[in-house]
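Here is the structure we will look at.
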Amino acid sequence: MKDCIFCKIARGDIPSNTVYENDKVLAFDDINPMAPVHVIVIPKKHVATLLDVIPEHVDMMGDIFSAVTEVARIKGIDEKGFRTVINCNEEGGQVIFHLHLHVLGGKKLQDELA
Ligand code: AMP
Ligand code: ZN
């Protein structure tokens, strides 16, 4: 997708601070962190929202969640714990329409999402 910010990050056209990468997924620090650790995990393939995930994407979703484990270990938040969030569409707070998962941690998180 030519004009998608996260596709541009995946291609390296926009710089990001890579936390973890393999051939299927990329994890990078959020530019506007909401917690001491705030990492965005994206599939390199463009999928717009969670609603666009189809059965053929099952491996991709597995790759994303495997990357979450890597990110948690790399950031040292695996033992104390962390939160994962996927925002979907406007009322879910989705701003960038390339599927992504937020990894939040590094402090005791409050129930601030409702
Ligand atoms: P969402 O509201 O779920 O669509 O989340 C989009 C997230 O992407 C927000 O937390 C933004 O701070 C983050 N973001 C936007 N642009 C960039 C960027 N260039 N590099 C890193 N994170 C970004
Ligand atoms: Zn994209």
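Starting from 1 in every chain, residues are counted up; chains themselves are A, B, ... following the order of the structure tokens, and ligands are numbered from 1 as listed.
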Query - Exercise: A:Gly105 partners within 10 Å, only C-alpha atoms, chain neighbours under 4 positions left out, as number ranges by chain - result: A: 34-39, 72, 75-78, 80-84, 109
Query raised in the report: Within 6 Å of ligand 2, counting only C-alpha atoms and all ligand atoms, which protein or nucleic acid residues do you find, written as an NGL selection string?
Result: :A and (1 or 4 or 6-7 or 46 or 98)
Please identify every residue of chain A that has at least one atom no farther than 10 Å from an atom of ligand 1, counting only C-alpha atoms and all ligand atoms, and for each give the shortest atom pair and the distance in Å to one decimal, arranged by chain then increasing number, as a tab-separated table.
residue	atom	partner	partner_atom_place_in_ligand_line	distance
A:Ile5	CA	ligand 1	19 (N)	6.8
A:Phe6	CA	ligand 1	19 (N)	7.5
A:Lys8	CA	ligand 1	19 (N)	9.0
A:Ile9	CA	ligand 1	19 (N)	7.2
A:Ile14	CA	ligand 1	19 (N)	6.8
A:Pro15	CA	ligand 1	19 (N)	7.2
A:Ser16	CA	ligand 1	20 (N)	5.6
A:Asn17	CA	ligand 1	21 (C)	7.8
A:Thr18	CA	ligand 1	21 (C)	9.7
A:Ala27	CA	ligand 1	21 (C)	9.6
A:Phe28	CA	ligand 1	21 (C)	6.7
A:Asp29	CA	ligand 1	21 (C)	5.9
A:Asp30	CA	ligand 1	22 (N)	3.8
A:Ile31	CA	ligand 1	21 (C)	4.0
A:Asn32	CA	ligand 1	12 (O)	4.2
A:Pro33	CA	ligand 1	12 (O)	6.4
A:Met34	CA	ligand 1	10 (O)	7.5
A:His38	CA	ligand 1	10 (O)	8.1
A:Val39	CA	ligand 1	22 (N)	8.1
A:Ile40	CA	ligand 1	22 (N)	6.9
A:Val41	CA	ligand 1	8 (O)	9.8
A:Thr49	CA	ligand 1	4 (O)	9.5
A:Val85	CA	ligand 1	3 (O)	7.9
A:Ile86	CA	ligand 1	3 (O)	6.4
A:Asn87	CA	ligand 1	3 (O)	4.7
A:Cys88	CA	ligand 1	3 (O)	7.3
A:Asn89	CA	ligand 1	4 (O)	8.4
A:Glu90	CA	ligand 1	2 (O)	9.0
A:Gly92	CA	ligand 1	3 (O)	8.0
A:Gly93	CA	ligand 1	2 (O)	5.1
A:Gln94	CA	ligand 1	4 (O)	3.7
A:Val95	CA	ligand 1	4 (O)	3.5
A:Ile96	CA	ligand 1	4 (O)	3.9
A:Phe97	CA	ligand 1	4 (O)	6.5
A:His98	CA	ligand 1	4 (O)	7.8
A:Leu99	CA	ligand 1	4 (O)	8.2
A:His100	CA	ligand 1	3 (O)	6.8
A:Leu101	CA	ligand 1	3 (O)	7.4
A:His102	CA	ligand 1	3 (O)	7.2
Query raised in the report: Do you have the atom CA of A:Pro43-atom CA of A:Lys24 distance handy?
Result: 6.0 Å
DSSP says strand (DSSP E or B) for which residues of chain A? Put them as a compact mmCIF listing (two decimals) with C-alpha atoms, in the first residue's frame?
# COMPACT_ATOMS: atom_id res chain seq x y z
CA THR A 18 13.16 -1.52 15.50
CA VAL A 19 12.69 -3.74 18.55
CA TYR A 20 12.29 -7.06 16.72
CA GLU A 21 12.01 -8.10 13.08
CA VAL A 25 6.59 -9.04 11.15
CA LEU A 26 8.16 -5.87 12.47
CA ALA A 27 8.03 -4.48 16.01
CA PHE A 28 9.05 -0.89 16.72
CA ASP A 29 8.78 1.68 19.49
CA VAL A 37 7.32 0.34 27.15
CA HIS A 38 5.05 0.87 24.16
CA VAL A 39 5.82 -1.21 21.11
CA ILE A 40 3.80 -1.60 17.91
CA VAL A 41 3.81 -5.02 16.23
CA ILE A 42 2.74 -5.14 12.57
CA PRO A 43 2.55 -7.77 9.88
CA PHE A 82 2.22 -6.32 30.08
CA ARG A 83 -0.91 -5.58 28.07
CA THR A 84 -1.69 -6.15 24.42
CA VAL A 85 -4.28 -4.04 22.58
CA LEU A 101 -0.93 -4.74 18.08
CA HIS A 102 0.18 -2.50 20.94
CA VAL A 103 2.45 -3.97 23.63
CA LEU A 104 2.25 -1.81 26.76
CA GLY A 105 4.20 -2.29 29.97
Report summary line: As a check of understanding: the span from atom CA of A:Val47 to atom CA of A:Phe65 is 15.6 Å
Report task. Take atom CA of A:Gly106 and atom CA of A:Ser66 and report the distance between them in Å, one decimal. Result -> 19.5 Å
Query raised in the report: Please, which residues of chain A, numbered as in this document, come out alpha helix (DSSP H) from DSSP, as a ChimeraX atom specification?
Result: /A:5-11,58-75,89-92
